[in-house]
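**Q** Handing you this structure, nothing more for now.
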2 protein chains.
Amino acid sequence: MTATARYSLMIHGGAGALDNVKDQKTAVRYLDSVQRILEHGREVLELGGSALQAAEQCASLLEDDPIFNAGCGSVLNEDGHVEMDAAIMDGRTLGAGAVAAIDGIANPVQLARLVMTESEHVMLIADGAMRFADHCGVERVPASYFYTEDRIAQLKEARLRHKMMLDHESPEDCVCEDQKYGTIGAVAYDMEGNLAAATSTGGIVNKRQGRVGDSPIVGAGVYADNETCAVSTTGYGEEFMRTVIAKTISDFIYMKELDAEEATRAGIDYLRRKVNGRGGMIVIDNQGRCASGMTTKKMIHGWIEHGGEAVVRF
Amino acid sequence: MTATARYSLMIHGGAGALDNVKDQKTAVRYLDSVQRILEHGREVLELGGSALQAAEQCASLLEDDPIFNAGCGSVLNEDGHVEMDAAIMDGRTLGAGAVAAIDGIANPVQLARLVMTESEHVMLIADGAMRFADHCGVERVPASYFYTEDRIAQLKEARLRHKMMLDHESPEDCVCEDQKYGTIGAVAYDMEGNLAAATSTGGIVNKRQGRVGDSPIVGAGVYADNETCAVSTTGYGEEFMRTVIAKTISDFIYMKELDAEEATRAGIDYLRRKVNGRGGMIVIDNQGRCASGMTTKKMIHGWIEHGGEAVVRF
């Protein structure tokens, strides 16, 4: 790291997911993964990579780790299928790409980036998104890439309980502590002062077919604007959609001239007051300052501020 | 109308759609429809109906008129199919419902309302949304309800031109003047001071399968919050998604204490400066004041402010 390196990076692996983890080994497993992925992102940014590259690569690595509910670790819907959502946004141009209800793709965040760069659209969904993936030559992975005994047991459990197991259940609702849930996300600030954000998820266990949460919604699950900040959120998606919370935080910076810390606090207050929202977010502002906030007990996350030491928390 | 009636109502039938209409008869046809639907909304509100009811009913009537690109007048996608998007939002609770990429439903805005009231989700898409429609007993309409000779000719034309015909083409790009395009929307303020908004569209002629625009995105195509305003937008969807323009206007009121007129002007400036966005919006604020703005030459719209005379413009 040189003296001029002012890059910053934050990633998260979901809010609430560790609320009920008492087992130290599992906690360490999450934290190690976050640490490792942060260091990978640092390399990208130190070598002069863009915020967009860093956000995409970190999100891809989170998708590749089965402990997180995104990519290969995605949960199953009511039909026992994977339906993944992802979005990415480039703060330089407000360019954005999103996919929803897709299956058979190892890295939804990379398909979202292709939607941004290779199509005239922002959002492609379901069969149309898959057709676009084929058009772009994106490799399909077999169903076995997603289906594990754990995941099938988890769905069976949710069905038995005749309700959805939300990302962020309170302990009293929670039957098994090692459920896979949560969203993943990454926000980055590169050495040229550009911002980018990415979010990806498998959604909610036993969710209705075709349910789209906040993750692929520009303004709810993700936002990036070089003038303000980059945001990735995780939580009870519907509450984040109804408050359009990522754009709200960006607007607190744009309209009230707050910094990352103040805007995040204002966003959390807004979320709580408006819809009693459950979840959290990571935010880097236009000066590379890092902030995080949550209304849940925990959020697995970590950051590197202005090229400093990596910090990992939950 | 009584002296205490302070209800307001605005509807639109798309920005840009009439830019190239030179034929007086067609223009009158649009304006008559807007006038008729405004008067229907007035009845709903005068009888003590909620803003939500007025917005839903006006949006449904706009969907039922084939001159607008929504409901029965929806354009065809690249496969020659209808794929409709709609959303509705209740300013009392920030409750919201949205559907995307649906077919065979006469009134997508009513299905969006069912998503809001009868599901635990905000957004359902494609096959999942259709399954939910069946679950709710929503009647299907046959394909012939949507396919007209006009619509098929229009798609053929678009294919010939090897490009999409956007909602808002500039005259030099525009081959035929009587294309069906545009979005529809309604925003209402009831006698109890509640706000609601609804937006519905058939999208863009010859669009990619699975393309979702701004109309069903909470914060982009629609927003309603009793504390601030109700907004419905119409325009080049991707630009409205990237700026999350409906929420931005709401935030101008929330964070800068602007009124409808000022917030709309600020929103138009923001849209222009950030992405050179093409389109417009209708806005009613928390005092029932009406405002509209557009960056296109025209937007078919009309309003009743504080129970006054209906005004229709394009």
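In the structure tokens, each chain is lettered A, B, ... as it comes, each chain's residues begin at 1, and ligands are numbered from 1 in order of appearance.
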Run DSSP on the backbone and give me the residues of stretch 27-217 of chain B it puts in alpha helix (DSSP H), as a PyMOL selection string.
**A** chain B and resi 27-46+51-64+108-118+126-135+149-160
**Q** Quick one: residues within 8 Å of stretch 35-51 of chain B, only C-alpha atoms, excluding same-chain residues fewer than 6 positions away - as a PDB file with all heavy atoms, in the first residue's frame?
**A**
ATOM      1  N   MET B   1     -69.848  18.644  -5.200  1.00  0.00           N
ATOM      2  CA  MET B   1     -68.652  18.932  -4.392  1.00  0.00           C
ATOM      3  C   MET B   1     -69.028  19.814  -3.210  1.00  0.00           C
ATOM      4  O   MET B   1     -69.654  20.852  -3.376  1.00  0.00           O
ATOM      5  CB  MET B   1     -67.612  19.651  -5.258  1.00  0.00           C
ATOM      6  CG  MET B   1     -66.259  19.739  -4.625  1.00  0.00           C
ATOM      7  SD  MET B   1     -65.159  20.811  -5.589  1.00  0.00           S
ATOM      8  CE  MET B   1     -65.902  22.418  -5.326  1.00  0.00           C
ATOM      9  N   ALA B   5     -64.650  19.420   0.578  1.00  0.00           N
ATOM     10  CA  ALA B   5     -63.966  18.481  -0.318  1.00  0.00           C
ATOM     11  C   ALA B   5     -62.613  19.047  -0.726  1.00  0.00           C
ATOM     12  O   ALA B   5     -62.548  20.062  -1.405  1.00  0.00           O
ATOM     13  CB  ALA B   5     -64.822  18.219  -1.548  1.00  0.00           C
ATOM     14  N   TYR B   7     -60.198  16.867  -1.962  1.00  0.00           N
ATOM     15  CA  TYR B   7     -59.524  15.786  -2.712  1.00  0.00           C
ATOM     16  C   TYR B   7     -58.839  16.333  -3.966  1.00  0.00           C
ATOM     17  O   TYR B   7     -59.281  17.338  -4.541  1.00  0.00           O
ATOM     18  CB  TYR B   7     -60.535  14.716  -3.099  1.00  0.00           C
ATOM     19  CG  TYR B   7     -61.614  15.217  -4.005  1.00  0.00           C
ATOM     20  CD1 TYR B   7     -61.408  15.283  -5.383  1.00  0.00           C
ATOM     21  CD2 TYR B   7     -62.831  15.638  -3.500  1.00  0.00           C
ATOM     22  CE1 TYR B   7     -62.386  15.772  -6.221  1.00  0.00           C
ATOM     23  CE2 TYR B   7     -63.817  16.132  -4.329  1.00  0.00           C
ATOM     24  CZ  TYR B   7     -63.592  16.202  -5.685  1.00  0.00           C
ATOM     25  OH  TYR B   7     -64.558  16.700  -6.522  1.00  0.00           O
ATOM     26  N   LEU B   9     -56.635  14.807  -7.653  1.00  0.00           N
ATOM     27  CA  LEU B   9     -56.435  13.625  -8.500  1.00  0.00           C
ATOM     28  C   LEU B   9     -55.666  14.027  -9.746  1.00  0.00           C
ATOM     29  O   LEU B   9     -55.923  15.091 -10.317  1.00  0.00           O
ATOM     30  CB  LEU B   9     -57.818  13.079  -8.899  1.00  0.00           C
ATOM     31  CG  LEU B   9     -57.876  11.881  -9.838  1.00  0.00           C
ATOM     32  CD1 LEU B   9     -57.309  10.631  -9.167  1.00  0.00           C
ATOM     33  CD2 LEU B   9     -59.334  11.633 -10.265  1.00  0.00           C
ATOM     34  N   MET B  10     -54.696  13.183 -10.132  1.00  0.00           N
ATOM     35  CA  MET B  10     -53.998  13.415 -11.404  1.00  0.00           C
ATOM     36  C   MET B  10     -53.863  12.078 -12.127  1.00  0.00           C
ATOM     37  O   MET B  10     -53.645  11.054 -11.476  1.00  0.00           O
ATOM     38  CB  MET B  10     -52.583  13.960 -11.179  1.00  0.00           C
ATOM     39  CG  MET B  10     -52.522  15.278 -10.460  1.00  0.00           C
ATOM     40  SD  MET B  10     -50.802  15.941 -10.463  1.00  0.00           S
ATOM     41  CE  MET B  10     -50.754  16.735 -12.076  1.00  0.00           C
ATOM     42  N   ILE B  11     -53.963  12.113 -13.431  1.00  0.00           N
ATOM     43  CA  ILE B  11     -53.689  10.898 -14.210  1.00  0.00           C
ATOM     44  C   ILE B  11     -52.826  11.259 -15.426  1.00  0.00           C
ATOM     45  O   ILE B  11     -52.789  12.414 -15.841  1.00  0.00           O
ATOM     46  CB  ILE B  11     -54.980  10.178 -14.671  1.00  0.00           C
ATOM     47  CG1 ILE B  11     -55.785  11.048 -15.639  1.00  0.00           C
ATOM     48  CG2 ILE B  11     -55.838   9.781 -13.480  1.00  0.00           C
ATOM     49  CD1 ILE B  11     -57.003  10.337 -16.219  1.00  0.00           C
ATOM     50  N   GLN B  57     -58.777   2.580  -9.483  1.00  0.00           N
ATOM     51  CA  GLN B  57     -59.864   2.605 -10.464  1.00  0.00           C
ATOM     52  C   GLN B  57     -59.491   3.429 -11.697  1.00  0.00           C
ATOM     53  O   GLN B  57     -59.788   3.027 -12.827  1.00  0.00           O
ATOM     54  CB  GLN B  57     -61.148   3.123  -9.817  1.00  0.00           C
ATOM     55  CG  GLN B  57     -61.738   2.108  -8.854  1.00  0.00           C
ATOM     56  CD  GLN B  57     -63.172   2.444  -8.464  1.00  0.00           C
ATOM     57  OE1 GLN B  57     -63.899   3.071  -9.224  1.00  0.00           O
ATOM     58  NE2 GLN B  57     -63.573   2.031  -7.278  1.00  0.00           N
ATOM     59  N   CYS B  58     -58.853   4.563 -11.491  1.00  0.00           N
ATOM     60  CA  CYS B  58     -58.445   5.370 -12.654  1.00  0.00           C
ATOM     61  C   CYS B  58     -57.405   4.618 -13.486  1.00  0.00           C
ATOM     62  O   CYS B  58     -57.471   4.620 -14.722  1.00  0.00           O
ATOM     63  CB  CYS B  58     -57.889   6.721 -12.207  1.00  0.00           C
ATOM     64  SG  CYS B  58     -59.176   7.807 -11.569  1.00  0.00           S
ATOM     65  N   LEU B  61     -59.169   1.995 -15.554  1.00  0.00           N
ATOM     66  CA  LEU B  61     -59.878   2.543 -16.714  1.00  0.00           C
ATOM     67  C   LEU B  61     -58.904   2.921 -17.824  1.00  0.00           C
ATOM     68  O   LEU B  61     -59.203   2.745 -19.005  1.00  0.00           O
ATOM     69  CB  LEU B  61     -60.715   3.768 -16.300  1.00  0.00           C
ATOM     70  CG  LEU B  61     -61.946   3.449 -15.440  1.00  0.00           C
ATOM     71  CD1 LEU B  61     -62.568   4.727 -14.896  1.00  0.00           C
ATOM     72  CD2 LEU B  61     -62.976   2.650 -16.242  1.00  0.00           C
ATOM     73  N   LEU B  62     -57.743   3.418 -17.443  1.00  0.00           N
ATOM     74  CA  LEU B  62     -56.717   3.721 -18.451  1.00  0.00           C
ATOM     75  C   LEU B  62     -56.238   2.422 -19.107  1.00  0.00           C
ATOM     76  O   LEU B  62     -56.010   2.370 -20.322  1.00  0.00           O
ATOM     77  CB  LEU B  62     -55.546   4.477 -17.808  1.00  0.00           C
ATOM     78  CG  LEU B  62     -55.849   5.938 -17.429  1.00  0.00           C
ATOM     79  CD1 LEU B  62     -54.912   6.430 -16.327  1.00  0.00           C
ATOM     80  CD2 LEU B  62     -55.760   6.854 -18.646  1.00  0.00           C
ATOM     81  N   VAL B 187     -52.407   9.344  -9.533  1.00  0.00           N
ATOM     82  CA  VAL B 187     -52.080   9.656  -8.138  1.00  0.00           C
ATOM     83  C   VAL B 187     -53.278  10.382  -7.533  1.00  0.00           C
ATOM     84  O   VAL B 187     -53.959  11.141  -8.220  1.00  0.00           O
ATOM     85  CB  VAL B 187     -50.801  10.520  -7.994  1.00  0.00           C
ATOM     86  CG1 VAL B 187     -49.574   9.729  -8.422  1.00  0.00           C
ATOM     87  CG2 VAL B 187     -50.887  11.807  -8.788  1.00  0.00           C
ATOM     88  N   ALA B 188     -53.555  10.106  -6.265  1.00  0.00           N
ATOM     89  CA  ALA B 188     -54.754  10.675  -5.652  1.00  0.00           C
ATOM     90  C   ALA B 188     -54.512  11.086  -4.206  1.00  0.00           C
ATOM     91  O   ALA B 188     -53.636  10.528  -3.531  1.00  0.00           O
ATOM     92  CB  ALA B 188     -55.894   9.659  -5.715  1.00  0.00           C
ATOM     93  N   TYR B 189     -55.298  12.054  -3.790  1.00  0.00           N
ATOM     94  CA  TYR B 189     -55.278  12.600  -2.433  1.00  0.00           C
ATOM     95  C   TYR B 189     -56.732  12.622  -1.987  1.00  0.00           C
ATOM     96  O   TYR B 189     -57.567  13.274  -2.630  1.00  0.00           O
ATOM     97  CB  TYR B 189     -54.702  14.012  -2.501  1.00  0.00           C
ATOM     98  CG  TYR B 189     -54.692  14.809  -1.216  1.00  0.00           C
ATOM     99  CD1 TYR B 189     -53.684  14.625  -0.266  1.00  0.00           C
ATOM    100  CD2 TYR B 189     -55.653  15.791  -0.978  1.00  0.00           C
ATOM    101  CE1 TYR B 189     -53.655  15.392   0.898  1.00  0.00           C
ATOM    102  CE2 TYR B 189     -55.620  16.566   0.188  1.00  0.00           C
ATOM    103  CZ  TYR B 189     -54.613  16.348   1.115  1.00  0.00           C
ATOM    104  OH  TYR B 189     -54.569  17.112   2.264  1.00  0.00           O
ATOM    105  N   ASP B 190     -57.091  11.869  -0.963  1.00  0.00           N
ATOM    106  CA  ASP B 190     -58.502  11.766  -0.615  1.00  0.00           C
ATOM    107  C   ASP B 190     -58.904  12.760   0.478  1.00  0.00           C
ATOM    108  O   ASP B 190     -58.080  13.527   0.976  1.00  0.00           O
ATOM    109  CB  ASP B 190     -58.871  10.316  -0.267  1.00  0.00           C
ATOM    110  CG  ASP B 190     -58.187   9.815   1.012  1.00  0.00           C
ATOM    111  OD1 ASP B 190     -57.882  10.635   1.918  1.00  0.00           O
ATOM    112  OD2 ASP B 190     -57.959   8.584   1.099  1.00  0.00           O
ATOM    113  N   MET B 191     -60.189  12.745   0.825  1.00  0.00           N
ATOM    114  CA  MET B 191     -60.714  13.741   1.755  1.00  0.00           C
ATOM    115  C   MET B 191     -60.163  13.570   3.174  1.00  0.00           C
ATOM    116  O   MET B 191     -60.328  14.443   4.011  1.00  0.00           O
ATOM    117  CB  MET B 191     -62.235  13.708   1.728  1.00  0.00           C
ATOM    118  CG  MET B 191     -62.720  14.128   0.331  1.00  0.00           C
ATOM    119  SD  MET B 191     -64.305  14.960   0.325  1.00  0.00           S
ATOM    120  CE  MET B 191     -65.424  13.583   0.264  1.00  0.00           C
ATOM    121  N   GLU B 192     -59.520  12.443   3.423  1.00  0.00           N
ATOM    122  CA  GLU B 192     -58.889  12.241   4.729  1.00  0.00           C
ATOM    123  C   GLU B 192     -57.405  12.606   4.689  1.00  0.00           C
ATOM    124  O   GLU B 192     -56.684  12.402   5.664  1.00  0.00           O
ATOM    125  CB  GLU B 192     -59.031  10.791   5.170  1.00  0.00           C
ATOM    126  CG  GLU B 192     -60.412  10.233   4.920  1.00  0.00           C
ATOM    127  CD  GLU B 192     -60.947   9.463   6.096  1.00  0.00           C
ATOM    128  OE1 GLU B 192     -60.305   8.469   6.496  1.00  0.00           O
ATOM    129  OE2 GLU B 192     -62.016   9.885   6.611  1.00  0.00           O
ATOM    130  N   ASN B 194     -55.119  11.223   2.675  1.00  0.00           N
ATOM    131  CA  ASN B 194     -54.245  10.103   2.301  1.00  0.00           C
ATOM    132  C   ASN B 194     -53.816  10.201   0.841  1.00  0.00           C
ATOM    133  O   ASN B 194     -54.575  10.684   0.002  1.00  0.00           O
ATOM    134  CB  ASN B 194     -54.980   8.774   2.486  1.00  0.00           C
ATOM    135  CG  ASN B 194     -55.398   8.570   3.916  1.00  0.00           C
ATOM    136  OD1 ASN B 194     -54.574   8.670   4.820  1.00  0.00           O
ATOM    137  ND2 ASN B 194     -56.684   8.333   4.131  1.00  0.00           N
ATOM    138  N   LEU B 195     -52.644   9.676   0.568  1.00  0.00           N
ATOM    139  CA  LEU B 195     -52.099   9.676  -0.786  1.00  0.00           C
ATOM    140  C   LEU B 195     -51.940   8.246  -1.314  1.00  0.00           C
ATOM    141  O   LEU B 195     -51.719   7.318  -0.526  1.00  0.00           O
ATOM    142  CB  LEU B 195     -50.735  10.364  -0.795  1.00  0.00           C
ATOM    143  CG  LEU B 195     -50.745  11.886  -0.603  1.00  0.00           C
ATOM    144  CD1 LEU B 195     -49.365  12.382  -0.182  1.00  0.00           C
ATOM    145  CD2 LEU B 195     -51.204  12.584  -1.875  1.00  0.00           C
ATOM    146  N   ALA B 196     -52.051   8.076  -2.624  1.00  0.00           N
ATOM    147  CA  ALA B 196     -51.788   6.780  -3.264  1.00  0.00           C
ATOM    148  C   ALA B 196     -51.332   7.017  -4.689  1.00  0.00           C
ATOM    149  O   ALA B 196     -51.630   8.070  -5.268  1.00  0.00           O
ATOM    150  CB  ALA B 196     -53.041   5.909  -3.254  1.00  0.00           C
ATOM    151  N   GLY B 302     -53.922  15.033 -16.879  1.00  0.00           N
ATOM    152  CA  GLY B 302     -54.988  15.903 -16.421  1.00  0.00           C
ATOM    153  C   GLY B 302     -55.071  15.867 -14.916  1.00  0.00           C
ATOM    154  O   GLY B 302     -54.512  14.973 -14.284  1.00  0.00           O
ATOM    155  N   TRP B 303     -55.735  16.862 -14.335  1.00  0.00           N
ATOM    156  CA  TRP B 303     -55.825  16.888 -12.880  1.00  0.00           C
ATOM    157  C   TRP B 303     -57.082  17.605 -12.388  1.00  0.00           C
ATOM    158  O   TRP B 303     -57.696  18.380 -13.105  1.00  0.00           O
ATOM    159  CB  TRP B 303     -54.587  17.539 -12.272  1.00  0.00           C
ATOM    160  CG  TRP B 303     -54.410  18.995 -12.597  1.00  0.00           C
ATOM    161  CD1 TRP B 303     -54.883  20.068 -11.882  1.00  0.00           C
ATOM    162  CD2 TRP B 303     -53.726  19.539 -13.729  1.00  0.00           C
ATOM    163  NE1 TRP B 303     -54.526  21.246 -12.497  1.00  0.00           N
ATOM    164  CE2 TRP B 303     -53.814  20.950 -13.625  1.00  0.00           C
ATOM    165  CE3 TRP B 303     -53.034  18.983 -14.810  1.00  0.00           C
ATOM    166  CZ2 TRP B 303     -53.246  21.801 -14.571  1.00  0.00           C
ATOM    167  CZ3 TRP B 303     -52.474  19.838 -15.754  1.00  0.00           C
ATOM    168  CH2 TRP B 303     -52.573  21.225 -15.635  1.00  0.00           C
ATOM    169  N   ILE B 304     -57.416  17.294 -11.164  1.00  0.00           N
ATOM    170  CA  ILE B 304     -58.452  17.996 -10.399  1.00  0.00           C
ATOM    171  C   ILE B 304     -57.760  18.400  -9.100  1.00  0.00           C
ATOM    172  O   ILE B 304     -57.351  17.528  -8.329  1.00  0.00           O
ATOM    173  CB  ILE B 304     -59.640  17.053 -10.085  1.00  0.00           C
ATOM    174  CG1 ILE B 304     -60.400  16.694 -11.371  1.00  0.00           C
ATOM    175  CG2 ILE B 304     -60.566  17.698  -9.058  1.00  0.00           C
ATOM    176  CD1 ILE B 304     -61.441  15.586 -11.178  1.00  0.00           C
ATOM    177  N   GLY B 307     -60.616  19.528  -5.509  1.00  0.00           N
ATOM    178  CA  GLY B 307     -62.020  19.426  -5.904  1.00  0.00           C
ATOM    179  C   GLY B 307     -62.470  20.393  -6.990  1.00  0.00           C
ATOM    180  O   GLY B 307     -63.670  20.496  -7.270  1.00  0.00           O
ATOM    181  N   ALA B 310     -61.804  19.945 -13.721  1.00  0.00           N
ATOM    182  CA  ALA B 310     -60.802  19.072 -14.335  1.00  0.00           C
ATOM    183  C   ALA B 310     -60.054  19.846 -15.423  1.00  0.00           C
ATOM    184  O   ALA B 310     -60.665  20.580 -16.203  1.00  0.00           O
ATOM    185  CB  ALA B 310     -61.474  17.847 -14.932  1.00  0.00           C
ATOM    186  N   VAL B 311     -58.738  19.697 -15.418  1.00  0.00           N
ATOM    187  CA  VAL B 311     -57.908  20.329 -16.444  1.00  0.00           C
ATOM    188  C   VAL B 311     -57.191  19.217 -17.195  1.00  0.00           C
ATOM    189  O   VAL B 311     -56.679  18.288 -16.563  1.00  0.00           O
ATOM    190  CB  VAL B 311     -56.852  21.259 -15.800  1.00  0.00           C
ATOM    191  CG1 VAL B 311     -56.029  21.962 -16.873  1.00  0.00           C
ATOM    192  CG2 VAL B 311     -57.511  22.247 -14.862  1.00  0.00           C
ATOM    193  N   VAL B 312     -57.164  19.286 -18.519  1.00  0.00           N
ATOM    194  CA  VAL B 312     -56.529  18.236 -19.312  1.00  0.00           C
ATOM    195  C   VAL B 312     -55.491  18.865 -20.233  1.00  0.00           C
ATOM    196  O   VAL B 312     -55.756  19.891 -20.861  1.00  0.00           O
ATOM    197  CB  VAL B 312     -57.592  17.468 -20.126  1.00  0.00           C
ATOM    198  CG1 VAL B 312     -56.944  16.474 -21.047  1.00  0.00           C
ATOM    199  CG2 VAL B 312     -58.560  16.758 -19.178  1.00  0.00           C
TER     200      VAL B 312
END
**Q** Near chain B, which residues of chain A fall within 9 Å when you count only C-alpha atoms, and what do they look like as a PyMOL selection string?
**A** chain A and resi 89+93-96+100-101+120-129+131-132+208-213+217-220+223+237-239+241-244+247-248+251-252+255-256+274-275
**Q** Could you pull out the strand (DSSP E) residues of stretch 70-295 of chain B, going by DSSP on the backbone, and write them as a PyMOL selection string?
**A** chain B and resi 84-90+95-102+123-125+183-189+195-201+211-212+222-224+229-235+279-285+290-294
**Q** Can you tell me, as a VMD selection string, what residues are no more than 6 Å from B:Ile249 when counting only C-alpha atoms, ignoring any on the same chain fewer than 3 positions away?
**A** chain B and resid 246 252 263 267
**Q** Write a file of the selected residues as an mmCIF file, in the first residue's frame, keeping N, CA and C atoms.
**A**
data_model
loop_
_atom_site.group_PDB
_atom_site.id
_atom_site.type_symbol
_atom_site.label_atom_id
_atom_site.label_comp_id
_atom_site.auth_asym_id
_atom_site.auth_seq_id
_atom_site.Cartn_x
_atom_site.Cartn_y
_atom_site.Cartn_z
ATOM 1 N N ALA B 246 -38.908 8.741 -8.577
ATOM 2 C CA ALA B 246 -40.107 8.980 -7.763
ATOM 3 C C ALA B 246 -39.720 9.169 -6.298
ATOM 4 N N PHE B 252 -37.058 15.081 -1.879
ATOM 5 C CA PHE B 252 -36.951 16.551 -1.948
ATOM 6 C C PHE B 252 -37.974 17.195 -1.014
ATOM 7 N N ALA B 263 -40.680 20.486 -5.819
ATOM 8 C CA ALA B 263 -40.059 19.153 -5.823
ATOM 9 C C ALA B 263 -40.062 18.563 -7.230
ATOM 10 N N GLY B 267 -36.897 17.589 -9.300
ATOM 11 C CA GLY B 267 -36.797 16.229 -9.848
ATOM 12 C C GLY B 267 -36.454 16.242 -11.332
#
**Q** Counting only C-alpha atoms, which residue out of B:Thr296, B:Ser33, B:Thr228, B:Thr199 sits closest to B:Val109?
**A** B:Thr199
**Q** For atom CA of B:Asp65 and atom CA of B:Gly277, determine how far apart the two atoms are, in Å to one decimal place.
**A**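 For atom CA of B:Asp65 relative to atom CA of B:Gly277, the distance reads 27.2 Å.
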**Q** Using only C-alpha atoms, pick whichever of A:Ala86, A:Ala59, A:Cys229, A:Ile204 has the shortest atom-to-atom distance to A:Arg151.
**A**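 Checking each of A:Ala86, A:Ala59, A:Cys229, A:Ile204 against A:Arg151, counting only C-alpha atoms, the winner is A:Ile204.
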**Q** Could you check the closest approach to B:Arg161 for each of B:Leu258, B:Ala197, B:Val205, B:Val138 and tell me which residue wins, using only C-alpha atoms?
**A**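 Ranked by minimum distance to B:Arg161, first place goes to B:Val205.
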**Q** When you count only C-alpha atoms, which of these residues is closest to A:Phe240: A:Gln110, A:Asn77, A:Asn276, A:Asn226?
**A**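 Closest to A:Phe240 of all the choices is A:Asn276.
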**Q** By how many Å are atom CA of B:Thr295 and atom CA of A:Asn286 apart?
**A**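 Spanning atom CA of B:Thr295 to atom CA of A:Asn286 is a straight-line distance of 28.6 Å.
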**Q** Under the rule that only C-alpha atoms are counted, which of A:Val82, A:Ile253, A:Leu114, A:Leu271 is the nearest residue to A:Asn206?
**A**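 Nearest candidate to A:Asn206 out of A:Val82, A:Ile253, A:Leu114, A:Leu271: A:Val82.
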**Q** Ranking B:Ala87, B:Leu31, B:Val231, B:Val222 by minimum distance to B:Val115 and counting only C-alpha atoms, which one comes first?
**A**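 That would be B:Ala87, the residue with the smallest distance to B:Val115.
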**Q** Rounded to one decimal in Å, what is the spacing between atom CA of B:Asp103 and atom CA of B:Gly202?
**A**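 For atom CA of B:Asp103 relative to atom CA of B:Gly202, the distance reads 9.7 Å.
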